[in-house]
file model-v5.txt (compact mmCIF, C-alpha atoms)
# COMPACT_ATOMS: atom_id res chain seq x y z
CA MET L 1 -100.78 40.38 -93.51
CA CYS L 2 -99.97 41.93 -90.16
CA VAL L 3 -98.34 38.72 -88.96
CA CYS L 4 -96.23 38.52 -92.08
CA ARG L 5 -95.07 42.08 -91.63
CA GLN L 6 -94.15 41.43 -88.03
CA SER L 7 -92.33 38.24 -88.95
CA GLY L 8 -90.49 40.01 -91.74
CA LEU L 9 -89.49 42.83 -89.40
CA TYR L 10 -88.34 40.32 -86.76
CA PHE L 11 -86.28 38.45 -89.34
CA LEU L 12 -84.72 41.69 -90.53
CA VAL L 13 -83.78 42.72 -86.99
CA VAL L 14 -82.25 39.31 -86.27
CA ALA L 15 -80.35 39.36 -89.56
CA ILE L 16 -78.95 42.81 -88.81
CA ALA L 17 -77.90 41.67 -85.33
CA VAL L 18 -76.10 38.63 -86.75
CA VAL L 19 -74.29 40.69 -89.38
CA HIS L 20 -73.34 43.25 -86.75
CA THR L 21 -71.92 40.54 -84.50
CA LEU L 22 -69.86 39.11 -87.35
CA CYS L 23 -68.56 42.54 -88.28
CA VAL L 24 -67.62 43.31 -84.70
CA ASN L 25 -65.68 40.05 -84.52
CA CYS L 26 -63.92 40.87 -87.78
CA VAL L 27 -63.04 44.42 -86.76
CA ALA L 28 -62.36 44.11 -83.06
CA GLY L 29 -60.92 40.61 -82.96
CA ASP L 30 -60.85 38.13 -80.09
CA ILE L 31 -58.25 38.53 -77.40
CA GLY L 32 -55.75 35.72 -77.93
CA GLY L 33 -53.87 36.23 -74.68
CA ILE L 34 -51.25 38.51 -73.13
CA ASP L 35 -47.53 37.71 -73.04
CA TYR L 36 -45.04 39.39 -70.71
CA PHE L 37 -41.36 39.97 -71.45
CA LYS L 38 -38.25 41.52 -70.00
CA MET L 39 -35.52 42.91 -72.24
CA ILE L 40 -31.92 43.80 -71.36
CA SER L 41 -30.19 45.80 -74.09
CA THR L 42 -26.55 46.93 -73.95
CA VAL L 43 -24.75 49.20 -76.43
CA GLU L 44 -20.97 49.44 -76.10
CA TYR L 45 -18.27 51.28 -78.03
CA ALA L 46 -14.51 50.93 -77.72
CA GLY L 47 -12.07 53.07 -79.68
CA ASP L 48 -10.78 56.51 -78.84
CA GLY L 49 -12.67 56.28 -75.55
CA GLN L 50 -15.42 53.98 -74.34
CA PHE L 51 -19.20 54.19 -74.20
CA ARG L 52 -21.69 51.91 -72.46
CA ASN L 53 -25.46 52.15 -72.18
CA GLN L 54 -27.58 49.40 -70.64
CA VAL L 55 -31.37 49.55 -70.47
CA GLU L 56 -33.74 47.05 -68.89
CA THR L 57 -37.39 47.27 -69.83
CA ALA L 58 -40.53 45.21 -69.31
CA TYR L 59 -43.37 45.03 -71.77
CA SER L 60 -46.56 43.14 -72.45
CA VAL L 61 -48.03 42.04 -75.77
CA THR L 62 -51.78 41.66 -76.24
CA LYS L 63 -52.78 39.47 -79.18
CA GLU L 64 -56.10 40.06 -80.97
CA VAL L 65 -57.07 37.34 -83.43
CA PHE L 66 -59.21 38.44 -86.38
CA ALA L 67 -61.55 36.35 -88.50
CA ASN L 68 -59.40 36.88 -91.61
CA ASP L 69 -56.43 35.04 -90.05
CA ARG L 70 -54.70 38.24 -89.04
CA VAL L 71 -53.36 39.00 -85.58
CA ARG L 72 -52.79 42.42 -84.06
CA TYR L 73 -49.94 42.61 -81.54
CA SER L 74 -50.34 45.59 -79.20
CA PHE L 75 -47.36 46.51 -77.02
CA THR L 76 -47.30 48.25 -73.67
CA THR L 77 -43.78 49.12 -72.56
CA ARG L 78 -42.99 49.91 -68.95
CA ASP L 79 -39.96 50.64 -66.81
CA PRO L 80 -39.82 47.54 -64.56
CA ASP L 81 -39.05 49.75 -61.54
CA LEU L 82 -42.32 51.66 -61.89
CA GLU L 83 -45.33 50.80 -59.78
CA ALA L 84 -47.98 48.73 -61.56
CA ASP L 85 -50.50 51.57 -61.75
CA LYS L 86 -48.09 54.03 -63.41
CA LYS L 87 -48.66 54.96 -67.04
CA ALA L 88 -46.67 52.96 -69.60
CA SER L 89 -43.84 54.77 -71.35
CA SER L 90 -44.95 53.89 -74.89
CA ASP L 91 -47.55 51.96 -76.84
CA PHE L 92 -47.42 50.69 -80.41
CA SER L 93 -48.82 47.84 -82.49
CA PHE L 94 -48.58 45.96 -85.75
CA VAL L 95 -50.62 43.31 -87.58
CA ILE L 96 -49.33 39.98 -88.89
CA ASP L 97 -51.10 38.03 -91.62
CA ARG L 98 -50.68 34.45 -90.43
CA GLY L 99 -51.19 33.10 -93.93
CA THR L 100 -48.32 35.04 -95.48
CA GLY L 101 -46.25 36.04 -92.43
CA LEU L 102 -46.30 39.66 -93.64
CA MET L 103 -46.49 42.61 -91.25
CA SER L 104 -48.40 45.89 -91.57
CA ALA L 105 -47.87 48.89 -89.32
CA THR L 106 -48.43 52.65 -89.22
CA GLY L 107 -45.99 55.40 -88.36
CA ARG L 108 -42.71 56.19 -90.09
CA ASP L 109 -40.39 53.96 -88.07
CA MET L 110 -42.90 51.15 -87.69
CA ALA L 111 -43.65 51.12 -91.42
CA PHE L 112 -39.91 50.88 -92.15
CA PHE L 113 -39.48 47.98 -89.71
CA ALA L 114 -42.46 46.25 -91.33
CA GLN L 115 -40.85 46.62 -94.76
CA VAL L 116 -37.63 45.05 -93.52
CA HIS L 117 -39.55 42.19 -91.89
CA ASN L 118 -41.62 41.59 -95.03
CA GLU L 119 -38.65 41.53 -97.41
CA THR L 120 -36.94 39.06 -95.06
CA VAL L 121 -40.04 36.86 -95.08
CA LYS L 122 -40.20 36.99 -98.87
CA SER L 123 -36.57 35.82 -99.02
CA LEU L 124 -37.12 32.73 -96.88
CA SER L 125 -36.76 29.36 -98.56
CA LYS L 126 -37.13 27.06 -95.52
CA VAL L 127 -39.43 26.72 -92.51
CA THR L 128 -37.54 26.29 -89.23
CA ARG L 129 -39.77 23.65 -87.66
CA GLU L 130 -39.19 21.38 -90.66
CA TYR L 131 -35.39 21.53 -90.24
CA VAL L 132 -34.89 20.60 -86.59
CA GLY L 133 -31.61 18.73 -86.19
CA LYS L 134 -30.17 20.29 -89.34
CA THR L 135 -28.03 23.20 -90.48
CA TRP L 136 -28.96 25.32 -93.50
CA LYS L 137 -28.18 28.57 -95.30
CA GLN L 138 -30.45 31.56 -95.80
CA SER L 139 -29.87 34.90 -97.55
CA VAL L 140 -31.98 38.04 -97.18
CA ASN L 141 -32.27 40.62 -99.98
CA LEU L 142 -33.28 44.13 -98.87
CA SER L 143 -32.41 46.00 -102.07
CA SER L 144 -36.03 47.05 -102.63
CA VAL L 145 -36.28 48.82 -99.24
CA LYS L 146 -35.48 52.55 -99.30
CA ASN L 147 -32.88 53.93 -96.88
CA VAL L 148 -31.83 50.48 -95.71
CA PRO L 149 -28.20 50.50 -94.41
CA PHE L 150 -27.22 47.31 -96.30
CA ASP L 151 -28.72 45.40 -99.22
CA GLU L 152 -28.05 41.79 -98.33
CA VAL L 153 -27.12 39.55 -95.41
CA SER L 154 -26.60 35.78 -95.29
CA PHE L 155 -26.96 33.37 -92.37
CA THR L 156 -26.08 29.84 -91.36
CA LEU L 157 -28.89 28.43 -89.21
CA THR L 158 -29.02 25.45 -86.88
CA ALA L 159 -32.12 24.13 -85.08
CA ILE L 160 -32.23 21.58 -82.24
CA ASP L 161 -34.79 19.99 -79.94
CA VAL L 162 -34.85 21.19 -76.32
CA THR L 163 -36.88 19.75 -73.45
CA THR L 164 -37.63 21.68 -70.24
CA ALA L 165 -39.85 20.95 -67.27
CA ALA L 166 -41.49 24.39 -67.49
CA VAL L 167 -42.64 24.17 -71.12
CA GLY L 168 -41.96 20.64 -72.36
CA GLU L 169 -40.78 20.08 -75.94
CA MET L 170 -39.22 23.18 -77.50
CA ILE L 171 -37.18 24.24 -80.54
CA ALA L 172 -33.99 26.30 -80.34
CA VAL L 173 -32.62 27.90 -83.49
CA ARG L 174 -29.44 29.89 -84.00
CA ALA L 175 -28.54 32.21 -86.87
CA LEU L 176 -24.88 33.19 -87.48
CA SER L 177 -24.44 35.85 -90.13
CA GLU L 178 -21.63 36.16 -92.62
CA PRO L 179 -19.83 39.53 -92.55
CA PHE L 180 -21.68 42.33 -94.30
CA PHE L 181 -20.16 45.72 -95.05
CA LEU L 182 -21.10 49.40 -94.92
CA THR L 183 -18.92 52.36 -95.89
CA ILE L 184 -18.00 55.16 -93.46
CA ASN L 185 -15.35 57.90 -93.71
CA LYS L 186 -14.22 56.38 -97.02
CA GLY L 187 -13.50 53.12 -95.29
CA PRO L 188 -15.31 49.81 -94.59
CA LEU L 189 -17.49 49.00 -91.57
CA ARG L 190 -17.49 45.23 -91.06
CA CYS L 191 -20.67 43.92 -89.38
CA ARG L 192 -21.85 40.57 -88.02
CA ILE L 193 -24.95 39.50 -86.11
CA ASN L 194 -25.59 36.24 -84.21
CA THR L 195 -28.97 35.28 -82.77
CA VAL L 196 -30.59 32.44 -80.81
CA PHE L 197 -34.32 31.95 -80.27
CA LEU L 198 -36.06 29.45 -78.01
CA PHE L 199 -39.60 28.68 -79.23
CA ASP L 200 -42.31 26.24 -78.27
CA VAL L 201 -42.48 23.15 -80.45
CA ASP L 202 -45.00 24.76 -82.84
CA VAL L 203 -42.96 27.97 -83.16
CA ASP L 204 -45.98 29.93 -81.96
CA ASN L 205 -44.45 31.43 -78.80
CA VAL L 206 -41.10 33.01 -77.94
CA TYR L 207 -39.53 32.13 -74.59
CA LEU L 208 -36.03 33.51 -75.03
CA SER L 209 -34.02 35.48 -77.56
CA ILE L 210 -30.34 36.49 -77.43
CA THR L 211 -28.61 38.59 -80.09
CA VAL L 212 -25.08 39.97 -80.46
CA PHE L 213 -24.33 42.57 -83.17
CA GLU L 214 -20.81 43.86 -83.78
CA ALA L 215 -19.49 46.49 -86.19
CA GLU L 216 -15.74 47.09 -86.53
CA THR L 217 -13.72 49.65 -88.49
CA ASP L 218 -10.29 51.26 -88.72
CA ALA L 219 -11.43 53.86 -91.25
CA ARG L 220 -10.45 56.70 -88.90
CA GLY L 221 -6.95 55.39 -88.23
CA THR L 222 -7.64 53.36 -85.09
CA LYS L 223 -9.61 50.20 -84.35
CA GLU L 224 -13.19 51.01 -83.28
CA VAL L 225 -15.86 48.50 -82.29
CA LEU L 226 -19.59 49.08 -81.78
CA ARG L 227 -21.32 46.23 -80.01
CA HIS L 228 -24.98 45.57 -79.19
CA GLU L 229 -26.11 42.70 -76.98
CA VAL L 230 -29.76 42.09 -76.19
CA ALA L 231 -31.60 39.35 -74.32
CA THR L 232 -35.38 39.09 -74.10
CA TYR L 233 -37.15 36.45 -72.05
CA LYS L 234 -40.72 35.58 -71.22
CA THR L 235 -42.02 36.20 -67.69
CA ASP L 236 -45.26 35.89 -65.78
CA ALA L 237 -47.44 38.93 -65.06
CA THR L 238 -45.32 39.79 -62.00
CA GLY L 239 -42.08 39.86 -64.01
CA ARG L 240 -40.76 36.55 -62.75
CA PRO L 241 -38.92 34.55 -65.46
CA LEU L 242 -39.56 30.92 -66.24
CA ASP L 243 -37.19 28.41 -64.71
CA LEU L 244 -34.96 27.42 -67.63
CA SER L 245 -32.22 25.88 -65.54
CA ASP L 246 -32.73 22.51 -67.26
CA VAL L 247 -32.31 23.63 -70.89
CA GLY L 248 -29.31 21.31 -71.15
CA LYS L 249 -25.74 21.40 -72.41
CA ASN L 250 -26.69 21.24 -76.09
CA PHE L 251 -28.66 24.46 -75.78
CA GLU L 252 -25.89 26.09 -73.73
CA ALA L 253 -23.39 25.22 -76.45
CA LEU L 254 -25.73 26.63 -79.09
CA VAL L 255 -25.96 29.92 -77.17
CA ALA L 256 -22.22 30.03 -76.45
CA ARG L 257 -21.49 30.35 -80.18
CA VAL L 258 -23.44 33.63 -80.24
CA GLY L 259 -20.58 35.33 -78.35
CA LEU L 260 -22.08 37.00 -75.28
CA ARG L 261 -19.50 38.89 -73.24
CA LYS L 262 -18.77 37.54 -69.75
CA ASP L 263 -17.83 40.91 -68.25
CA SER L 264 -19.00 44.44 -68.90
CA LEU L 265 -16.80 46.80 -70.91
CA GLN L 266 -14.55 48.72 -68.51
CA ILE L 267 -14.79 52.48 -68.91
CA THR L 268 -11.39 54.17 -68.52
CA LYS L 269 -12.02 57.14 -70.84
CA GLU L 270 -15.73 57.80 -71.18
CA SER L 271 -16.88 59.25 -74.49
CA LYS L 272 -19.97 59.69 -76.60
CA LEU L 273 -20.75 57.42 -79.50
CA PRO L 274 -18.98 58.70 -82.63
CA ASN L 275 -21.13 59.98 -85.47
CA TRP L 276 -20.59 56.87 -87.60
CA ALA L 277 -21.90 54.65 -84.79
CA ARG L 278 -25.07 56.70 -84.37
CA SER L 279 -25.77 57.32 -88.07
CA ARG L 280 -24.65 53.99 -89.55
CA GLY L 281 -23.95 51.44 -86.84
CA ILE L 282 -27.18 51.72 -84.82
CA PRO L 283 -29.45 51.62 -87.94
CA ALA L 284 -27.52 48.57 -89.18
CA ALA L 285 -28.07 46.85 -85.82
CA GLN L 286 -31.81 47.68 -85.93
CA VAL L 287 -32.27 46.18 -89.38
CA ALA L 288 -30.01 43.18 -88.72
CA ASN L 289 -31.99 42.35 -85.55
CA ILE L 290 -35.24 42.20 -87.51
CA CYS L 291 -33.66 40.08 -90.27
CA SER L 292 -32.05 37.58 -87.89
CA ALA L 293 -35.26 37.19 -85.87
CA ALA L 294 -37.37 36.49 -88.95
CA VAL L 295 -34.95 33.90 -90.36
CA CYS L 296 -34.84 32.13 -86.99
CA GLU L 297 -38.61 32.01 -86.86
CA GLY L 298 -39.23 30.85 -90.39
CA ALA L 299 -42.01 33.44 -90.87
CA LEU L 300 -44.81 32.26 -88.62
CA ASN L 301 -45.85 34.73 -85.90
CA PRO L 302 -43.91 35.54 -82.79
CA ALA L 303 -40.41 36.85 -83.66
CA GLY L 304 -41.63 40.40 -84.25
CA MET L 305 -42.70 40.50 -80.59
CA VAL L 306 -38.97 40.66 -79.81
CA SER L 307 -37.24 42.23 -82.82
CA VAL L 308 -39.46 45.30 -83.22
CA PRO L 309 -39.22 46.38 -79.53
CA THR L 310 -35.45 45.83 -79.80
CA ALA L 311 -35.19 48.07 -82.86
CA ARG L 312 -37.29 50.78 -81.20
CA LEU L 313 -35.23 50.69 -78.02
CA LEU L 314 -31.94 50.87 -79.95
CA ALA L 315 -32.97 54.24 -81.37
CA SER L 316 -32.79 55.75 -77.88
CA GLN L 317 -29.55 54.15 -76.70
CA GLY L 318 -27.02 56.35 -78.48
CA GLY L 319 -27.19 59.20 -75.98
CA LEU L 320 -25.59 59.44 -72.56
CA GLY L 321 -23.71 56.37 -71.40
CA ARG L 322 -24.50 54.35 -68.30
CA ALA L 323 -21.39 52.55 -67.13
CA ALA L 324 -23.10 50.59 -64.33
CA GLY L 325 -24.66 47.19 -64.80
CA GLU L 326 -23.65 43.56 -65.04
CA SER L 327 -23.03 41.82 -68.33
CA ILE L 328 -26.09 40.25 -69.95
CA LEU L 329 -24.53 36.79 -69.63
CA THR L 330 -24.11 37.22 -65.86
CA ARG L 331 -27.68 38.47 -65.49
CA LEU L 332 -29.09 35.56 -67.46
CA VAL L 333 -27.11 32.99 -65.50
CA ASN L 334 -28.21 34.52 -62.20
CA GLY L 335 -31.78 35.37 -63.20
CA ILE L 336 -32.83 32.28 -65.14
CA GLY L 337 -30.66 29.74 -63.36
CA TRP L 338 -28.53 28.49 -66.23
CA ASN L 339 -25.37 26.54 -65.71
CA TRP L 340 -22.59 27.32 -68.21
CA PRO L 341 -19.69 24.89 -67.60
CA THR L 342 -19.78 23.56 -71.15
CA ALA L 343 -19.67 26.98 -72.76
CA VAL L 344 -16.94 28.40 -70.58
CA GLY L 345 -14.88 25.20 -70.42
CA ALA L 346 -14.85 24.87 -74.21
CA GLY L 347 -13.54 28.42 -74.57
CA LEU L 348 -16.52 29.40 -76.72
CA ILE L 349 -16.99 32.61 -74.72
CA THR L 350 -13.99 34.95 -74.69
CA TRP L 351 -13.43 38.06 -72.64
CA GLY L 352 -12.96 41.71 -73.51
CA VAL L 353 -13.97 42.97 -76.96
CA VAL L 354 -15.13 39.70 -78.46
CA GLU L 355 -14.83 38.68 -82.06
CA ILE L 356 -18.11 37.07 -83.07
CA ALA L 357 -17.39 33.44 -83.86
CA ASP L 358 -16.98 32.52 -87.52
CA ASP L 359 -18.99 29.61 -88.83
CA ASP L 360 -16.39 28.23 -91.21
CA ASP L 361 -17.84 24.84 -91.97
CA ASP L 362 -21.07 23.15 -92.93
CA ARG L 363 -21.28 20.79 -90.00
CA ASP L 364 -24.62 20.21 -88.36
CA TYR L 365 -25.07 21.23 -84.73
CA PRO L 366 -23.35 22.78 -82.92
call {"tool": "encode", "arguments": {"input": "model-v5.txt", "output": "structure tokens"}}
result
Amino acid sequence: MCVCRQSGLYFLVVAIAVVHTLCVNCVAGDIGGIDYFKMISTVEYAGDGQFRNQVETAYSVTKEVFANDRVRYSFTTRDPDLEADKKASSDFSFVIDRGTGLMSATGRDMAFFAQVHNETVKSLSKVTREYVGKTWKQSVNLSSVKNVPFDEVSFTLTAIDVTTAAVGEMIAVRALSEPFFLTINKGPLRCRINTVFLFDVDVDNVYLSITVFEAETDARGTKEVLRHEVATYKTDATGRPLDLSDVGKNFEALVARVGLRKDSLQITKESKLPNWARSRGIPAAQVANICSAAVCEGALNPAGMVSVPTARLLASQGGLGRAAGESILTRLVNGIGWNWPTAVGAGLITWGVVEIADDDDDRDYP
């Protein structure tokens, strides 16, 4: 009897230990790696005066993989000029269900971004990695999201194969939006957003993202343009970018259609952002960034690692202008080692306040 009791007690202890281990794995998750990124974000305004604000930030993303096929992405954002042991400027996180592609997050702004992401995912009809070498259409309906600046946006997407020495086989996908409209001062605000992502072949990792948003209006009697350009690229732990100098002319042509500016906006009459740009334009750019990232990805995992930090950073860029700084195109060419003769020679990049290229046909790439 004594032996049986001891055996029963031993079995109970072991069983509890096993259950505890399983629960810990379910709750805490297994570390799935850390990714490092740099982001360059530029907000410009030209109208009755000029405004320019450029911010460069570095951040890391820790991935925790849970037993229920959910992944928590935890972000640590840092000024790249700070010493390594300095405290990060902000921390936030969200969880992605890999089965559905849906995001959950806490906090007012994060919950709103998650809603936008989720409604975009629910709108998707095609998976990017199944459409490499093709061009397709995709619309996003946001009418069920409260306080969203616009209800619908449509894109033309193109995906191509890319091969690099650093990563191997990759997929590049570009999304060009159709114009979508907001109303300000009893007049229209015409918006467009163009985005390119460079993924690994399984669309599990982001290596580069470039987005150009533009909003234009003459509702106040003069032409006014709000422009946001942002580039995010993967680095190593020291902040050094991957060598992407061999991405090839096809990829360069794909990026050229996005409409990056060659030169920075020249400030001759510095001004603040007008109220419409802060209250309507910036929120539209935040939401459009999340939509364009999710449609490029095809609702797997990684695009939120870029679009959510972009949306958060945009919220702080409507204050005092910073006129200094090279254009994002120049910094990418110099920092990553790209060669752009095809893009420039074909006239796909124009100077000054650039009209985002229209995609007026249904041709496949480019």
call {"tool": "closest_atom_pairs", "arguments": {"input": "model-v5.txt", "of": "stretch 242-297 of chain L", "to": "stretch 108-120 of chain L", "cutoff": "9 Å", "atoms": "only C-alpha atoms", "output": "JSON lines"}}
result
{"residue": "L:Gln286", "atom": "CA", "partner": "L:Phe113", "partner_atom": "CA", "distance": 8.6}
{"residue": "L:Val287", "atom": "CA", "partner": "L:Val116", "partner_atom": "CA", "distance": 6.9}
{"residue": "L:Ile290", "atom": "CA", "partner": "L:His117", "partner_atom": "CA", "distance": 6.1}
{"residue": "L:Cys291", "atom": "CA", "partner": "L:Thr120", "partner_atom": "CA", "distance": 5.9}
{"residue": "L:Ser292", "atom": "CA", "partner": "L:Thr120", "partner_atom": "CA", "distance": 8.8}
{"residue": "L:Ala293", "atom": "CA", "partner": "L:His117", "partner_atom": "CA", "distance": 8.9}
{"residue": "L:Ala294", "atom": "CA", "partner": "L:Thr120", "partner_atom": "CA", "distance": 6.6}
{"residue": "L:Val295", "atom": "CA", "partner": "L:Thr120", "partner_atom": "CA", "distance": 7.3}
call {"tool": "closest_residue", "arguments": {"input": "model-v5.txt", "among": "L:Tyr233, L:Trp276, L:Tyr131, L:Phe155", "to": "L:Asp35", "atoms": "all atoms listed in the file"}}
result
L:Tyr233
call {"tool": "closest_residue", "arguments": {"input": "model-v5.txt", "among": "L:Thr62, L:Ser144, L:Gln317, L:Ser307", "to": "L:Leu208", "atoms": "only C-alpha atoms"}}
result
L:Ser307
call {"tool": "closest_residue", "arguments": {"input": "model-v5.txt", "among": "L:Thr268, L:Thr235, L:Gln50, L:Thr135", "to": "L:Tyr36", "atoms": "all atoms listed in the file"}}
result
L:Thr235
call {"tool": "closest_residue", "arguments": {"input": "model-v5.txt", "among": "L:Ile34, L:Ile40, L:Ala159, L:Cys191", "to": "L:Thr76", "atoms": "all atoms listed in the file"}}
result
L:Ile34
call {"tool": "residues_around", "arguments": {"input": "model-v5.txt", "residues": "L:Arg70", "least_positions_apart": "6", "cutoff": "10 Å", "atoms": "all atoms listed in the file", "output": "count of residues only"}}
result
12
call {"tool": "closest_residue", "arguments": {"input": "model-v5.txt", "among": "L:Asn141, L:Ala105, L:Pro274, L:Val258", "to": "L:Val71", "atoms": "all atoms listed in the file"}}
result
L:Ala105
call {"tool": "closest_residue", "arguments": {"input": "model-v5.txt", "among": "L:Asn289, L:Ile282, L:Ala277, L:Ser41", "to": "L:Ser327", "atoms": "only C-alpha atoms"}}
result
L:Ser41
call {"tool": "atom_distance", "arguments": {"input": "model-v5.txt", "atom1": "atom CA of L:Ala175", "atom2": "atom CA of L:Arg280"}}
result
22.3 Å
call {"tool": "atom_distance", "arguments": {"input": "model-v5.txt", "atom1": "atom CA of L:Gly47", "atom2": "atom CA of L:Val225"}}
result
6.5 Å
call {"tool": "residues_near_point", "arguments": {"input": "model-v5.txt", "point": "(-37.5, 26.1, -68.1)", "cutoff": "9 Å", "atoms": "only C-alpha atoms", "output": "PDB file with C-alpha atoms, in the frame of the given file"}}
result
ATOM      1  CA  THR L 163     -36.880  19.750 -73.450  1.00  0.00           C
ATOM      2  CA  THR L 164     -37.630  21.680 -70.240  1.00  0.00           C
ATOM      3  CA  ALA L 165     -39.850  20.950 -67.270  1.00  0.00           C
ATOM      4  CA  ALA L 166     -41.490  24.390 -67.490  1.00  0.00           C
ATOM      5  CA  VAL L 167     -42.640  24.170 -71.120  1.00  0.00           C
ATOM      6  CA  GLY L 168     -41.960  20.640 -72.360  1.00  0.00           C
ATOM      7  CA  PRO L 241     -38.920  34.550 -65.460  1.00  0.00           C
ATOM      8  CA  LEU L 242     -39.560  30.920 -66.240  1.00  0.00           C
ATOM      9  CA  ASP L 243     -37.190  28.410 -64.710  1.00  0.00           C
ATOM     10  CA  LEU L 244     -34.960  27.420 -67.630  1.00  0.00           C
ATOM     11  CA  SER L 245     -32.220  25.880 -65.540  1.00  0.00           C
ATOM     12  CA  ASP L 246     -32.730  22.510 -67.260  1.00  0.00           C
ATOM     13  CA  VAL L 247     -32.310  23.630 -70.890  1.00  0.00           C
ATOM     14  CA  ILE L 336     -32.830  32.280 -65.140  1.00  0.00           C
TER      15      ILE L 336
END
call {"tool": "residues_around", "arguments": {"input": "model-v5.txt", "residues": "stretch 209-214 of chain L", "least_positions_apart": "2", "cutoff": "7 Å", "atoms": "all atoms listed in the file", "output": "list in words"}}
result
Cys191, Arg192, Ile193, Asn194, Thr195, Val196, Phe197, Leu198, Glu216, Val225, Leu226, Arg227, His228, Glu229, Val230, Ala231, Thr232, Tyr233, Val258, Gly259, Leu260 and Ala285 of chain L
call {"tool": "write_last_selection", "arguments": {"input": "model-v5.txt", "atoms": "C-alpha atoms", "output": "PDB file, keeping the file's coordinate frame"}}
result
ATOM      1  CA  CYS L 191     -20.670  43.920 -89.380  1.00  0.00           C
ATOM      2  CA  ARG L 192     -21.850  40.570 -88.020  1.00  0.00           C
ATOM      3  CA  ILE L 193     -24.950  39.500 -86.110  1.00  0.00           C
ATOM      4  CA  ASN L 194     -25.590  36.240 -84.210  1.00  0.00           C
ATOM      5  CA  THR L 195     -28.970  35.280 -82.770  1.00  0.00           C
ATOM      6  CA  VAL L 196     -30.590  32.440 -80.810  1.00  0.00           C
ATOM      7  CA  PHE L 197     -34.320  31.950 -80.270  1.00  0.00           C
ATOM      8  CA  LEU L 198     -36.060  29.450 -78.010  1.00  0.00           C
ATOM      9  CA  GLU L 216     -15.740  47.090 -86.530  1.00  0.00           C
ATOM     10  CA  VAL L 225     -15.860  48.500 -82.290  1.00  0.00           C
ATOM     11  CA  LEU L 226     -19.590  49.080 -81.780  1.00  0.00           C
ATOM     12  CA  ARG L 227     -21.320  46.230 -80.010  1.00  0.00           C
ATOM     13  CA  HIS L 228     -24.980  45.570 -79.190  1.00  0.00           C
ATOM     14  CA  GLU L 229     -26.110  42.700 -76.980  1.00  0.00           C
ATOM     15  CA  VAL L 230     -29.760  42.090 -76.190  1.00  0.00           C
ATOM     16  CA  ALA L 231     -31.600  39.350 -74.320  1.00  0.00           C
ATOM     17  CA  THR L 232     -35.380  39.090 -74.100  1.00  0.00           C
ATOM     18  CA  TYR L 233     -37.150  36.450 -72.050  1.00  0.00           C
ATOM     19  CA  VAL L 258     -23.440  33.630 -80.240  1.00  0.00           C
ATOM     20  CA  GLY L 259     -20.580  35.330 -78.350  1.00  0.00           C
ATOM     21  CA  LEU L 260     -22.080  37.000 -75.280  1.00  0.00           C
ATOM     22  CA  ALA L 285     -28.070  46.850 -85.820  1.00  0.00           C
TER      23      ALA L 285
END
